[in-house]
>>> print(open('target.cif').read())   # mmCIF, C-alpha atoms and all ligand atoms
data_upload
loop_
_atom_site.label_atom_id
_atom_site.label_comp_id
_atom_site.auth_asym_id
_atom_site.auth_seq_id
_atom_site.Cartn_x
_atom_site.Cartn_y
_atom_site.Cartn_z
CA MET A 1 -20.92 47.70 190.26
CA GLY A 2 -19.32 49.26 193.29
CA CYS A 3 -18.49 47.61 196.57
CA SER A 4 -20.69 46.82 199.52
CA ASP A 5 -20.49 49.59 202.06
CA PRO A 6 -21.82 49.02 205.57
CA THR A 7 -22.43 52.76 206.06
CA GLY A 8 -25.04 52.73 203.33
CA THR A 9 -23.38 55.55 201.40
CA PRO A 10 -23.37 55.28 197.61
CA PRO A 11 -21.01 52.56 196.39
CA THR A 12 -17.62 53.80 195.37
CA CYS A 13 -14.49 51.95 194.49
CA THR A 14 -10.93 53.19 194.39
CA VAL A 15 -8.26 51.16 192.68
CA THR A 16 -4.65 52.19 192.57
CA VAL A 17 -1.35 50.75 191.50
CA ASP A 18 1.28 50.53 194.18
CA LEU A 19 4.02 52.58 192.58
CA ARG A 20 6.69 50.72 194.51
CA MET A 21 5.64 47.50 192.91
CA VAL A 22 7.33 46.48 189.68
CA GLY A 23 4.59 45.22 187.47
CA GLY A 24 1.17 46.63 186.96
CA MET A 25 -2.27 46.64 188.46
CA GLY A 26 -2.90 45.24 191.87
CA GLY A 27 -1.13 45.90 195.13
CA ASN A 28 -2.55 48.92 196.80
CA ILE A 29 -6.16 48.04 196.08
CA THR A 30 -8.65 49.30 198.60
CA SER A 31 -11.76 47.35 197.86
CA CYS A 32 -13.48 45.10 195.38
CA MET A 33 -10.75 44.55 192.78
CA PRO A 34 -9.02 41.17 192.95
CA ASP A 35 -5.46 41.42 194.24
CA THR A 36 -3.46 40.33 191.23
CA SER A 37 -0.12 41.22 192.72
CA GLN A 38 0.68 37.54 193.16
CA ASP A 39 -0.22 36.59 189.61
CA ASN A 40 2.36 38.29 187.44
CA PRO A 41 0.31 41.41 186.72
CA ARG A 42 1.31 43.74 183.92
CA ARG A 43 1.24 47.46 183.47
CA ALA A 44 -1.44 48.62 181.05
CA ALA A 45 -1.63 51.92 179.19
CA ILE A 46 -3.54 53.81 176.55
CA THR A 47 -1.13 53.66 173.63
CA GLY A 48 -3.24 55.36 170.97
CA VAL A 49 -6.32 57.50 170.50
CA ALA A 50 -8.48 58.42 167.50
CA THR A 51 -11.82 60.13 166.99
CA TYR A 52 -14.66 60.70 164.61
CA VAL A 53 -17.20 63.53 164.59
CA PRO A 54 -19.87 64.13 161.95
CA ASP A 55 -19.20 66.92 159.43
CA ARG A 56 -22.41 68.77 160.11
CA ILE A 57 -21.89 71.71 162.50
CA VAL A 58 -24.89 73.16 164.35
CA THR A 59 -24.21 76.66 165.67
CA ASN A 60 -25.96 78.43 168.51
CA ALA A 61 -27.40 80.89 165.99
CA GLU A 62 -28.99 78.00 164.10
CA LEU A 63 -30.62 76.65 167.29
CA ALA A 64 -31.87 80.13 168.18
CA ARG A 65 -33.89 80.13 164.97
CA THR A 66 -36.17 77.35 166.28
CA LEU A 67 -35.78 77.60 170.07
CA ASP A 68 -36.42 80.35 172.61
CA THR A 69 -32.68 80.77 173.26
CA SER A 70 -29.74 82.89 172.15
CA ASP A 71 -26.06 82.56 171.36
CA ASP A 72 -25.36 84.83 174.31
CA TRP A 73 -27.31 82.64 176.80
CA ILE A 74 -25.70 79.43 175.58
CA VAL A 75 -22.15 80.80 175.56
CA THR A 76 -22.48 82.53 178.92
CA ARG A 77 -24.16 79.60 180.72
CA THR A 78 -22.35 76.69 179.07
CA GLY A 79 -19.36 77.84 177.00
CA ILE A 80 -20.74 75.91 174.00
CA ARG A 81 -20.55 77.62 170.60
CA GLU A 82 -21.33 74.73 168.29
CA ARG A 83 -21.85 70.97 168.26
CA ARG A 84 -21.86 68.19 165.63
CA ARG A 85 -24.91 66.35 164.39
CA GLY A 86 -24.95 63.00 162.58
CA GLY A 87 -26.13 63.05 158.98
CA PRO A 88 -28.44 60.61 157.19
CA GLY A 89 -27.38 57.01 157.84
CA GLU A 90 -25.02 57.99 160.64
CA THR A 91 -25.45 56.07 163.88
CA THR A 92 -23.47 55.38 167.01
CA SER A 93 -21.99 52.25 165.42
CA THR A 94 -20.92 54.01 162.21
CA MET A 95 -19.24 56.79 164.21
CA GLY A 96 -17.58 54.28 166.54
CA ALA A 97 -16.47 52.10 163.62
CA GLU A 98 -14.80 55.06 161.91
CA ALA A 99 -12.96 56.00 165.12
CA VAL A 100 -11.76 52.37 165.42
CA ARG A 101 -10.63 52.26 161.76
CA ARG A 102 -8.64 55.47 162.24
CA LEU A 103 -7.11 54.15 165.44
CA MET A 104 -6.08 50.87 163.83
CA ALA A 105 -4.65 52.68 160.80
CA ALA A 106 -2.65 55.06 163.00
CA LYS A 107 -1.30 52.17 165.09
CA GLY A 108 -0.82 49.79 162.17
CA LEU A 109 -3.04 47.19 163.82
CA ALA A 110 -4.35 44.20 161.91
CA PRO A 111 -7.86 42.95 162.75
CA ASP A 112 -6.56 39.76 164.38
CA GLN A 113 -4.50 41.83 166.83
CA VAL A 114 -7.57 43.20 168.62
CA ASP A 115 -8.80 40.89 171.38
CA VAL A 116 -11.67 42.82 172.95
CA LEU A 117 -13.88 45.76 171.94
CA ILE A 118 -15.78 47.58 174.69
CA VAL A 119 -18.26 50.24 173.61
CA ALA A 120 -19.46 52.82 176.11
CA THR A 121 -22.72 54.29 174.89
CA VAL A 122 -26.24 55.28 175.95
CA THR A 123 -27.39 55.56 172.35
CA PRO A 124 -26.86 52.05 170.96
CA ASP A 125 -28.18 51.63 167.41
CA MET A 126 -30.73 49.28 169.02
CA PHE A 127 -31.05 47.19 172.20
CA PHE A 128 -29.44 44.27 170.45
CA PRO A 129 -27.23 43.28 168.77
CA ALA A 130 -24.78 45.22 170.92
CA THR A 131 -23.08 48.19 169.28
CA ALA A 132 -19.80 46.34 169.88
CA CYS A 133 -21.03 43.55 167.58
CA LEU A 134 -22.13 46.05 164.93
CA ILE A 135 -18.73 47.77 165.02
CA GLN A 136 -16.93 44.43 165.04
CA ASP A 137 -18.74 43.54 161.83
CA GLN A 138 -18.26 46.93 160.14
CA VAL A 139 -14.52 46.98 160.86
CA GLY A 140 -14.02 43.26 160.15
CA LEU A 141 -12.68 42.28 163.57
CA GLN A 142 -13.53 38.60 163.19
CA SER A 143 -11.46 37.36 166.11
CA THR A 144 -12.60 40.07 168.58
CA TRP A 145 -15.25 39.65 171.25
CA GLY A 146 -16.93 42.61 172.88
CA PHE A 147 -19.84 44.20 174.64
CA ASP A 148 -21.57 47.50 175.37
CA LEU A 149 -21.37 49.33 178.67
CA SER A 150 -23.91 51.92 179.82
CA ALA A 151 -22.79 54.62 182.24
CA ALA A 152 -23.66 57.75 180.24
CA CYS A 153 -21.00 60.47 180.47
CA SER A 154 -18.93 58.30 182.84
CA GLY A 155 -19.17 55.40 180.37
CA PHE A 156 -15.77 55.91 178.82
CA LEU A 157 -14.03 55.84 182.21
CA TYR A 158 -16.01 52.79 183.34
CA ALA A 159 -15.08 51.03 180.07
CA LEU A 160 -11.45 52.12 180.30
CA THR A 161 -11.23 50.68 183.79
CA THR A 162 -12.80 47.43 182.62
CA GLY A 163 -10.55 47.15 179.58
CA ALA A 164 -7.40 47.87 181.60
CA GLN A 165 -8.16 44.87 183.83
CA PHE A 166 -8.06 42.45 180.88
CA VAL A 167 -4.61 43.69 179.89
CA ALA A 168 -3.21 44.07 183.41
CA SER A 169 -4.29 40.55 184.35
CA GLY A 170 -2.56 39.14 181.28
CA VAL A 171 -5.80 37.63 179.99
CA HIS A 172 -5.72 39.78 176.83
CA ARG A 173 -3.02 41.76 175.07
CA ARG A 174 -5.03 44.42 173.28
CA VAL A 175 -8.38 46.03 174.13
CA ILE A 176 -10.05 48.80 172.17
CA VAL A 177 -12.38 51.03 174.17
CA VAL A 178 -14.86 53.18 172.27
CA GLY A 179 -16.88 56.05 173.73
CA ALA A 180 -19.60 57.00 171.25
CA ASP A 181 -22.97 58.69 171.43
CA LEU A 182 -25.40 60.05 168.88
CA MET A 183 -27.15 62.25 171.42
CA SER A 184 -29.21 63.95 168.70
CA ALA A 185 -31.23 60.70 168.50
CA ILE A 186 -32.54 61.05 172.08
CA ILE A 187 -32.70 64.82 172.59
CA ASP A 188 -35.97 66.69 172.08
CA PRO A 189 -35.09 69.34 169.48
CA LEU A 190 -37.80 71.56 170.97
CA ASP A 191 -36.54 71.37 174.57
CA ARG A 192 -34.16 74.28 175.04
CA THR A 193 -32.95 72.98 178.40
CA THR A 194 -31.23 69.99 176.73
CA ALA A 195 -31.11 70.66 172.97
CA VAL A 196 -28.40 73.30 173.28
CA LEU A 197 -26.11 71.14 175.42
CA PHE A 198 -25.52 67.86 173.61
CA GLY A 199 -23.69 66.84 170.44
CA ASP A 200 -22.68 63.72 168.52
CA GLY A 201 -19.21 62.19 168.41
CA ALA A 202 -16.97 59.20 169.08
CA GLY A 203 -13.49 58.39 170.30
CA ALA A 204 -11.49 55.17 170.54
CA VAL A 205 -8.38 54.22 172.47
CA VAL A 206 -6.27 51.09 172.49
CA ILE A 207 -4.99 49.62 175.75
CA GLU A 208 -1.80 47.54 175.61
CA PRO A 209 0.78 46.19 178.07
CA VAL A 210 3.71 48.53 178.73
CA GLU A 211 7.00 48.33 180.62
CA ARG A 212 6.73 51.69 182.40
CA GLY A 213 3.97 54.08 183.40
CA GLY A 214 0.42 53.42 182.27
CA PHE A 215 -2.62 53.32 184.53
CA LEU A 216 -1.82 54.42 188.07
CA GLY A 217 -5.31 54.19 189.53
CA PHE A 218 -9.06 54.56 189.20
CA GLU A 219 -11.85 55.97 191.30
CA LEU A 220 -15.38 55.05 190.29
CA GLY A 221 -18.75 55.50 191.89
CA ALA A 222 -22.50 55.50 191.43
CA ASP A 223 -25.56 56.89 193.16
CA GLY A 224 -28.61 55.25 191.64
CA GLY A 225 -30.83 57.29 193.95
CA GLY A 226 -30.15 60.29 191.73
CA GLY A 227 -31.21 58.48 188.57
CA GLU A 228 -34.22 60.65 187.83
CA SER A 229 -32.09 63.81 187.67
CA LEU A 230 -30.97 62.77 184.20
CA TRP A 231 -32.80 59.97 182.46
CA LEU A 232 -34.49 58.60 179.38
CA PRO A 233 -37.83 57.32 180.65
CA GLY A 234 -39.84 55.16 178.27
CA SER A 235 -36.76 53.81 176.55
CA GLY A 236 -36.78 50.28 177.94
CA SER A 237 -38.83 47.47 179.44
CA ARG A 238 -40.54 49.56 182.10
CA HIS A 239 -43.87 50.77 180.82
CA PHE A 240 -44.70 54.37 181.62
CA ASP A 241 -48.26 55.66 181.37
CA ASP A 242 -46.86 58.58 179.45
CA PRO A 243 -43.84 57.23 177.60
CA GLN A 244 -41.10 59.79 177.11
CA SER A 245 -38.62 59.02 174.42
CA PHE A 246 -36.40 62.05 175.05
CA VAL A 247 -33.79 62.85 177.69
CA LYS A 248 -35.19 64.59 180.77
CA MET A 249 -32.82 66.52 182.99
CA ASN A 250 -32.95 68.54 186.17
CA GLY A 251 -30.11 70.81 185.12
CA ARG A 252 -29.58 72.48 188.47
CA GLU A 253 -29.42 69.16 190.35
CA VAL A 254 -26.95 67.72 187.84
CA TYR A 255 -24.90 70.92 188.04
CA LYS A 256 -24.64 70.61 191.83
CA PHE A 257 -23.74 66.92 191.57
CA ALA A 258 -21.16 67.59 188.85
CA THR A 259 -19.35 70.35 190.67
CA ARG A 260 -19.19 68.16 193.77
CA VAL A 261 -18.02 64.85 192.28
CA LEU A 262 -15.55 66.20 189.77
CA VAL A 263 -13.62 67.57 192.72
CA SER A 264 -14.14 64.73 195.21
CA SER A 265 -13.38 61.90 192.76
CA ALA A 266 -10.14 63.48 191.53
CA GLN A 267 -9.06 64.36 195.05
CA LYS A 268 -9.79 60.89 196.37
CA LEU A 269 -7.78 59.25 193.60
CA LEU A 270 -4.81 61.60 194.02
CA ASP A 271 -4.82 60.99 197.77
CA GLU A 272 -4.93 57.25 197.17
CA VAL A 273 -1.89 57.23 194.88
CA GLY A 274 -0.03 59.70 197.08
CA MET A 275 0.08 62.48 194.52
CA THR A 276 -1.13 66.07 194.42
CA VAL A 277 -2.52 68.31 191.73
CA ASP A 278 1.03 69.64 191.24
CA ASP A 279 2.09 66.17 190.06
CA VAL A 280 -0.57 66.16 187.32
CA ASP A 281 0.46 67.61 183.95
CA VAL A 282 -2.81 67.34 182.02
CA TYR A 283 -6.34 67.48 183.45
CA VAL A 284 -9.06 66.09 181.14
CA PRO A 285 -12.50 66.72 182.66
CA HIS A 286 -15.80 65.66 181.11
CA GLN A 287 -16.86 68.39 178.70
CA ALA A 288 -20.38 69.28 179.86
CA ASN A 289 -20.25 72.97 180.72
CA ILE A 290 -17.34 75.41 180.96
CA ARG A 291 -18.66 76.65 184.30
CA ILE A 292 -18.48 73.11 185.75
CA ILE A 293 -14.97 72.64 184.34
CA ASP A 294 -13.77 76.02 185.64
CA HIS A 295 -15.26 75.33 189.07
CA ALA A 296 -13.58 71.93 189.34
CA ALA A 297 -10.23 73.19 188.04
CA LYS A 298 -10.24 76.12 190.46
CA LYS A 299 -11.30 74.03 193.46
CA LEU A 300 -8.66 71.41 192.71
CA GLY A 301 -6.03 74.07 192.01
CA PHE A 302 -5.29 73.39 188.34
CA PRO A 303 -3.93 76.38 186.40
CA PRO A 304 -5.81 76.89 183.08
CA LYS A 305 -2.81 75.74 181.03
CA LYS A 306 -3.16 72.19 182.45
CA VAL A 307 -6.89 71.92 181.67
CA VAL A 308 -8.12 70.46 178.38
CA VAL A 309 -11.25 72.23 177.10
CA ASN A 310 -13.09 71.67 173.82
CA VAL A 311 -16.70 72.01 174.97
CA GLU A 312 -17.03 75.12 172.80
CA LYS A 313 -16.79 73.09 169.58
CA TYR A 314 -18.50 69.77 170.43
CA GLY A 315 -20.88 70.46 173.35
CA ASN A 316 -21.50 67.48 175.62
CA THR A 317 -20.92 64.28 173.60
CA SER A 318 -21.58 62.00 176.60
CA SER A 319 -19.41 58.85 176.24
CA GLY A 320 -17.43 60.56 173.47
CA SER A 321 -16.45 63.55 175.59
CA ILE A 322 -13.28 62.37 177.32
CA PRO A 323 -11.69 60.56 174.34
CA LEU A 324 -12.41 63.61 172.15
CA ALA A 325 -10.69 65.84 174.71
CA LEU A 326 -7.82 63.36 175.09
CA ALA A 327 -7.32 63.39 171.31
CA ASP A 328 -7.18 67.20 171.30
CA ALA A 329 -4.56 67.08 174.05
CA ALA A 330 -2.58 64.61 171.92
CA LYS A 331 -2.87 66.88 168.86
CA ASP A 332 -1.64 69.84 170.91
CA GLY A 333 1.46 67.84 171.91
CA ARG A 334 0.47 67.77 175.58
CA LEU A 335 0.58 64.00 176.00
CA LYS A 336 4.34 63.63 176.25
CA PRO A 337 5.91 60.43 177.59
CA GLY A 338 5.91 60.58 181.37
CA ALA A 339 3.10 63.16 181.56
CA LYS A 340 0.60 62.41 184.32
CA VAL A 341 -2.90 62.65 182.87
CA LEU A 342 -5.96 62.85 185.11
CA MET A 343 -9.38 62.22 183.54
CA THR A 344 -12.61 62.74 185.48
CA GLY A 345 -16.19 62.33 184.31
CA MET A 346 -19.71 62.27 185.69
CA GLY A 347 -23.15 61.70 184.31
CA ALA A 348 -26.47 59.88 184.39
CA GLY A 349 -26.88 57.03 186.81
CA LEU A 350 -25.80 59.08 188.61
CA THR A 351 -22.25 57.96 187.99
CA TRP A 352 -18.73 59.32 188.17
CA GLY A 353 -15.18 58.21 187.65
CA SER A 354 -11.54 59.25 187.49
CA SER A 355 -8.51 57.62 185.97
CA LEU A 356 -4.86 58.60 186.37
CA ILE A 357 -2.30 57.61 183.74
CA GLU A 358 1.38 58.12 183.25
CA TRP A 359 1.47 58.62 179.50
CA THR A 360 3.48 56.21 177.41
CA GLU A 361 3.01 54.78 173.95
CA GLU A 362 5.86 52.34 174.22
CA MET A 363 4.39 48.85 174.20
CA ALA A 364 5.96 46.02 176.17
CA ALA A 365 7.53 43.20 174.18
O1 LIG B 1 -23.07 65.07 181.49
C1 LIG B 1 -23.98 65.61 182.37
C2 LIG B 1 -25.01 66.28 181.59
N1 LIG B 1 -25.65 67.41 182.15
C3 LIG B 1 -25.03 68.50 182.64
O2 LIG B 1 -23.86 68.59 182.81
C4 LIG B 1 -25.92 69.66 182.99
C5 LIG B 1 -25.52 70.36 184.25
N2 LIG B 1 -26.28 71.60 184.37
C6 LIG B 1 -25.94 72.70 183.67
O3 LIG B 1 -24.98 72.71 182.92
C7 LIG B 1 -26.77 73.96 183.88
O4 LIG B 1 -27.62 73.77 184.97
C8 LIG B 1 -27.61 74.32 182.61
C9 LIG B 1 -26.70 74.79 181.50
C10 LIG B 1 -28.42 73.13 182.15
C11 LIG B 1 -28.56 75.46 182.95
O5 LIG B 1 -27.83 76.57 183.42
P1 LIG B 1 -28.28 77.31 184.76
O6 LIG B 1 -27.42 78.49 184.93
O7 LIG B 1 -28.30 76.28 185.86
O8 LIG B 1 -29.73 77.79 184.40
P2 LIG B 1 -31.10 77.46 185.13
O9 LIG B 1 -31.49 76.05 184.92
O10 LIG B 1 -31.00 77.98 186.53
O11 LIG B 1 -32.10 78.37 184.31
C12 LIG B 1 -32.01 79.80 184.32
C13 LIG B 1 -33.03 80.34 183.33
C14 LIG B 1 -34.40 79.69 183.50
O12 LIG B 1 -35.39 80.70 183.27
P3 LIG B 1 -36.11 81.41 184.53
O13 LIG B 1 -36.77 80.27 185.30
O14 LIG B 1 -35.02 82.07 185.31
O15 LIG B 1 -37.04 82.35 183.86
C15 LIG B 1 -34.46 78.70 182.36
O16 LIG B 1 -35.77 78.44 181.92
O17 LIG B 1 -32.62 80.05 182.00
C16 LIG B 1 -33.69 79.43 181.29
N3 LIG B 1 -33.13 78.57 180.28
C17 LIG B 1 -32.78 79.03 179.07
N4 LIG B 1 -32.83 80.25 178.51
C18 LIG B 1 -32.36 80.39 177.27
C19 LIG B 1 -32.86 77.23 180.35
N5 LIG B 1 -32.32 76.82 179.19
C20 LIG B 1 -32.26 77.91 178.39
C21 LIG B 1 -31.79 78.11 177.07
N6 LIG B 1 -31.86 79.37 176.56
N7 LIG B 1 -31.27 77.13 176.33
#
>>> encode(input="target.cif", output="structure tokens")
Amino acid sequence: MGCSDPTGTPPTCTVTVDLRMVGGMGGNITSCMPDTSQDNPRRAAITGVATYVPDRIVTNAELARTLDTSDDWIVTRTGIRERRRGGPGETTSTMGAEAVRRLMAAKGLAPDQVDVLIVATVTPDMFFPATACLIQDQVGLQSTWGFDLSAACSGFLYALTTGAQFVASGVHRRVIVVGADLMSAIIDPLDRTTAVLFGDGAGAVVIEPVERGGFLGFELGADGGGGESLWLPGSGSRHFDDPQSFVKMNGREVYKFATRVLVSSAQKLLDEVGMTVDDVDVYVPHQANIRIIDHAAKKLGFPPKKVVVNVEKYGNTSSGSIPLALADAAKDGRLKPGAKVLMTGMGAGLTWGSSLIEWTEEMAA
């Protein structure tokens, strides 16, 4: 992950498509991506999006019955009014599988047309088999290979970047990327500092080769030194004296990090591709807190009409956040062909990432 950096600053990697180049990925690549410009690269794009959220709605008023909190505090400090919670038998794989089924139905895809399935999640059903294998089985994708990717709330953008490389390089024709988290499984229901923030949900997108538009660039980074600001100690092979099986978060530290990287990552990517905020039609930030979103939008200079916000109805769904917001933008008719869509996320790791796309659903022959 990341690229070696002699200055010792956290690894970060910017990848852009040279817009003068006919073809796809490659060209104006600044660091650790292979230069595929000599190898017949293709353009890759998200050509479809679908979601699944559990039916059960948990309101702020309901949480205030068991926690020392209030609807007023939650709305004022976070913008969240309600979130979804998985019902009996619901897991990350069942949510992800339903999002994939809906995506395939909407796109008319047969199981043998899906080459790769990448699942971004920090709440796998279990350590192994991978959630990708569980979804592959539930959906009946016999000829698909896949894997899980863990980068918390940046997971979807990390997975999107990974999936786009398979298509752009010509190695695979169709990749489905799922962002899914059942956060209710790892949140302490009695901890008001986290219980009010997170929700359950999943989104899936398909990446295919296209003639025009598609992915214009990525900016990804990580700062492992900040790992303990947001973590799930006791969840893996390291043995803690006092195992903690719930998410622990230093909210103020994460807030400072979020407001910083949402701006710097987007700005760096726009600079790299030679665009400005004025060129972007739709801004899809990670849905963690309306104050973080408003801060980033204002700092970057996005007018509210360009910003996609749905944190009020889902809370922070971690890996599901950006695809759920993207799907809402699609439903609202904002993802028109040619629209420039900027997505930026950040989360545990600490990690962050941005992706810039020229929207198109027209697949290459
Ligand atoms: O994907 C990344 C995931 N994480 C995030 O994005 C989180 C980023 N951080 C945040 O969004 C904000 O820091 C929070 C929403 C978590 C907290 O908001 P804040 O304005 O930074 O509040 P604070 O932590 O400074 O706490 C203010 C007060 C404290 O009480 P005292 O010490 O002033 O008496 C907290 O104990 O609010 C208290 N508090 C609450 N009160 C009512 C903390 N949580 C709650 C709550 N209800 N749920």
>>> residues_around(input="target.cif", residues="Gln136 in chain A", least_positions_apart="2", cutoff="12 Å", atoms="all atoms listed in the file", output="ChimeraX atom specification")
/A:93-94,96-98,100-101,111-112,114-119,129-134,138-148,176,178
>>> closest_atom_pairs(input="target.cif", of="chain A", to="ligand LIG 1 (chain B)", cutoff="7 Å", atoms="only C-alpha atoms and all ligand atoms", output="tab-separated table")
residue	atom	partner	partner_atom	distance
A:Asp68	CA	B:LIG1	N6	6.1
A:Thr69	CA	B:LIG1	N6	3.7
A:Ser70	CA	B:LIG1	N6	6.0
A:Trp73	CA	B:LIG1	C18	5.5
A:Ile74	CA	B:LIG1	N7	6.1
A:Arg77	CA	B:LIG1	O6	5.4
A:Thr78	CA	B:LIG1	C9	5.3
A:Cys153	CA	B:LIG1	O1	5.1
A:Arg192	CA	B:LIG1	N7	4.3
A:Thr193	CA	B:LIG1	N5	4.0
A:Thr194	CA	B:LIG1	C10	6.9
A:Val196	CA	B:LIG1	N7	5.7
A:Gly251	CA	B:LIG1	O4	3.9
A:Arg252	CA	B:LIG1	O4	4.2
A:Val254	CA	B:LIG1	C5	4.7
A:Tyr255	CA	B:LIG1	C5	3.9
A:Ala258	CA	B:LIG1	O2	6.7
A:Ala288	CA	B:LIG1	O2	4.6
A:Asn289	CA	B:LIG1	O3	5.2
A:Asn316	CA	B:LIG1	O1	6.5
A:Ser318	CA	B:LIG1	O1	6.0
A:Met346	CA	B:LIG1	O1	6.1
A:Gly347	CA	B:LIG1	O1	4.4
A:Ala348	CA	B:LIG1	C1	6.6
>>> closest_residue(input="target.cif", among="A:Phe156, A:Leu109, A:Glu90, A:Lys268", to="Pro285 in chain A", atoms="all atoms listed in the file")
A:Phe156
>>> atom_distance(input="target.cif", atom1="CA of Glu62 in chain A", atom2="CA of Gly315 in chain A")
14.4 Å
>>> atom_distance(input="target.cif", atom1="CA of Val247 in chain A", atom2="CA of Pro124 in chain A")
14.5 Å
>>> residues_around(input="target.cif", residues="Ala297 in chain A", least_positions_apart="3", cutoff="12 Å", atoms="all atoms listed in the file", output="PyMOL selection string")
chain A and resi 259-260+262-264+266-267+277+280+282-286+290-294+300-309+342-344
>>> closest_residue(input="target.cif", among="A:Leu63, A:Glu312, A:Arg173, A:Phe240", to="Thr76 in chain A", atoms="all atoms listed in the file")
A:Glu312
>>> residues_around(input="target.cif", residues="range 327-332 of chain A", least_positions_apart="5", cutoff="12 Å", atoms="only C-alpha atoms", output="PyMOL selection string")
chain A and resi 46-53+99+103+202-205+281-285+305-311+313-314+320-322+337+339+341-343+359-361
>>> atom_distance(input="target.cif", atom1="CA of Lys340 in chain A", atom2="CA of His295 in chain A")
21.0 Å
>>> closest_residue(input="target.cif", among="A:Ala45, A:Leu216, A:Ala180, A:Leu157", to="Ile135 in chain A", atoms="only C-alpha atoms")
A:Ala180
>>> closest_residue(input="target.cif", among="A:Thr59, A:Asn250, A:Ala64, A:Thr351", to="Leu190 in chain A", atoms="all atoms listed in the file")
A:Ala64
>>> closest_residue(input="target.cif", among="A:Val58, A:Met183, A:Val273, A:Leu197", to="Ile357 in chain A", atoms="all atoms listed in the file")
A:Val273
>>> closest_residue(input="target.cif", among="A:Val206, A:Leu270, A:Leu335, A:Ala296", to="Leu356 in chain A", atoms="only C-alpha atoms")
A:Leu270
>>> build_atoms(input="target.cif", residues="range 137-153 of chain A", atoms="N, CA and C atoms", output="PDB file, in the coordinates of the input")
ATOM      1  N   ASP A 137     -18.422  43.952 163.187  1.00  0.00           N
ATOM      2  CA  ASP A 137     -18.740  43.540 161.830  1.00  0.00           C
ATOM      3  C   ASP A 137     -18.307  44.592 160.807  1.00  0.00           C
ATOM      4  N   GLN A 138     -18.596  45.863 161.110  1.00  0.00           N
ATOM      5  CA  GLN A 138     -18.260  46.930 160.140  1.00  0.00           C
ATOM      6  C   GLN A 138     -16.753  47.065 159.923  1.00  0.00           C
ATOM      7  N   VAL A 139     -15.978  46.813 160.979  1.00  0.00           N
ATOM      8  CA  VAL A 139     -14.520  46.980 160.860  1.00  0.00           C
ATOM      9  C   VAL A 139     -13.856  45.668 160.419  1.00  0.00           C
ATOM     10  N   GLY A 140     -14.587  44.563 160.542  1.00  0.00           N
ATOM     11  CA  GLY A 140     -14.020  43.260 160.150  1.00  0.00           C
ATOM     12  C   GLY A 140     -13.097  42.679 161.197  1.00  0.00           C
ATOM     13  N   LEU A 141     -13.504  42.798 162.465  1.00  0.00           N
ATOM     14  CA  LEU A 141     -12.680  42.280 163.570  1.00  0.00           C
ATOM     15  C   LEU A 141     -13.149  40.869 163.930  1.00  0.00           C
ATOM     16  N   GLN A 142     -12.928  39.934 163.011  1.00  0.00           N
ATOM     17  CA  GLN A 142     -13.530  38.600 163.190  1.00  0.00           C
ATOM     18  C   GLN A 142     -13.113  37.878 164.459  1.00  0.00           C
ATOM     19  N   SER A 143     -11.907  38.130 164.939  1.00  0.00           N
ATOM     20  CA  SER A 143     -11.460  37.360 166.110  1.00  0.00           C
ATOM     21  C   SER A 143     -11.620  38.146 167.418  1.00  0.00           C
ATOM     22  N   THR A 144     -12.415  39.218 167.395  1.00  0.00           N
ATOM     23  CA  THR A 144     -12.600  40.070 168.580  1.00  0.00           C
ATOM     24  C   THR A 144     -13.939  39.792 169.233  1.00  0.00           C
ATOM     25  N   TRP A 145     -13.956  39.698 170.558  1.00  0.00           N
ATOM     26  CA  TRP A 145     -15.250  39.650 171.250  1.00  0.00           C
ATOM     27  C   TRP A 145     -15.476  40.998 171.917  1.00  0.00           C
ATOM     28  N   GLY A 146     -16.715  41.286 172.303  1.00  0.00           N
ATOM     29  CA  GLY A 146     -16.930  42.610 172.880  1.00  0.00           C
ATOM     30  C   GLY A 146     -18.346  42.782 173.405  1.00  0.00           C
ATOM     31  N   PHE A 147     -18.535  43.926 174.018  1.00  0.00           N
ATOM     32  CA  PHE A 147     -19.840  44.200 174.640  1.00  0.00           C
ATOM     33  C   PHE A 147     -20.014  45.693 174.823  1.00  0.00           C
ATOM     34  N   ASP A 148     -21.266  46.096 175.099  1.00  0.00           N
ATOM     35  CA  ASP A 148     -21.570  47.500 175.370  1.00  0.00           C
ATOM     36  C   ASP A 148     -21.599  47.730 176.878  1.00  0.00           C
ATOM     37  N   LEU A 149     -21.354  48.964 177.252  1.00  0.00           N
ATOM     38  CA  LEU A 149     -21.370  49.330 178.670  1.00  0.00           C
ATOM     39  C   LEU A 149     -22.112  50.659 178.779  1.00  0.00           C
ATOM     40  N   SER A 150     -23.071  50.730 179.704  1.00  0.00           N
ATOM     41  CA  SER A 150     -23.910  51.920 179.820  1.00  0.00           C
ATOM     42  C   SER A 150     -23.643  52.652 181.123  1.00  0.00           C
ATOM     43  N   ALA A 151     -22.964  53.768 181.049  1.00  0.00           N
ATOM     44  CA  ALA A 151     -22.790  54.620 182.240  1.00  0.00           C
ATOM     45  C   ALA A 151     -22.773  56.086 181.818  1.00  0.00           C
ATOM     46  N   ALA A 152     -23.486  56.368 180.728  1.00  0.00           N
ATOM     47  CA  ALA A 152     -23.660  57.750 180.240  1.00  0.00           C
ATOM     48  C   ALA A 152     -22.303  58.461 180.122  1.00  0.00           C
ATOM     49  N   CYS A 153     -22.228  59.673 180.670  1.00  0.00           N
ATOM     50  CA  CYS A 153     -21.000  60.470 180.470  1.00  0.00           C
ATOM     51  C   CYS A 153     -19.812  59.895 181.227  1.00  0.00           C
TER      52      CYS A 153
END
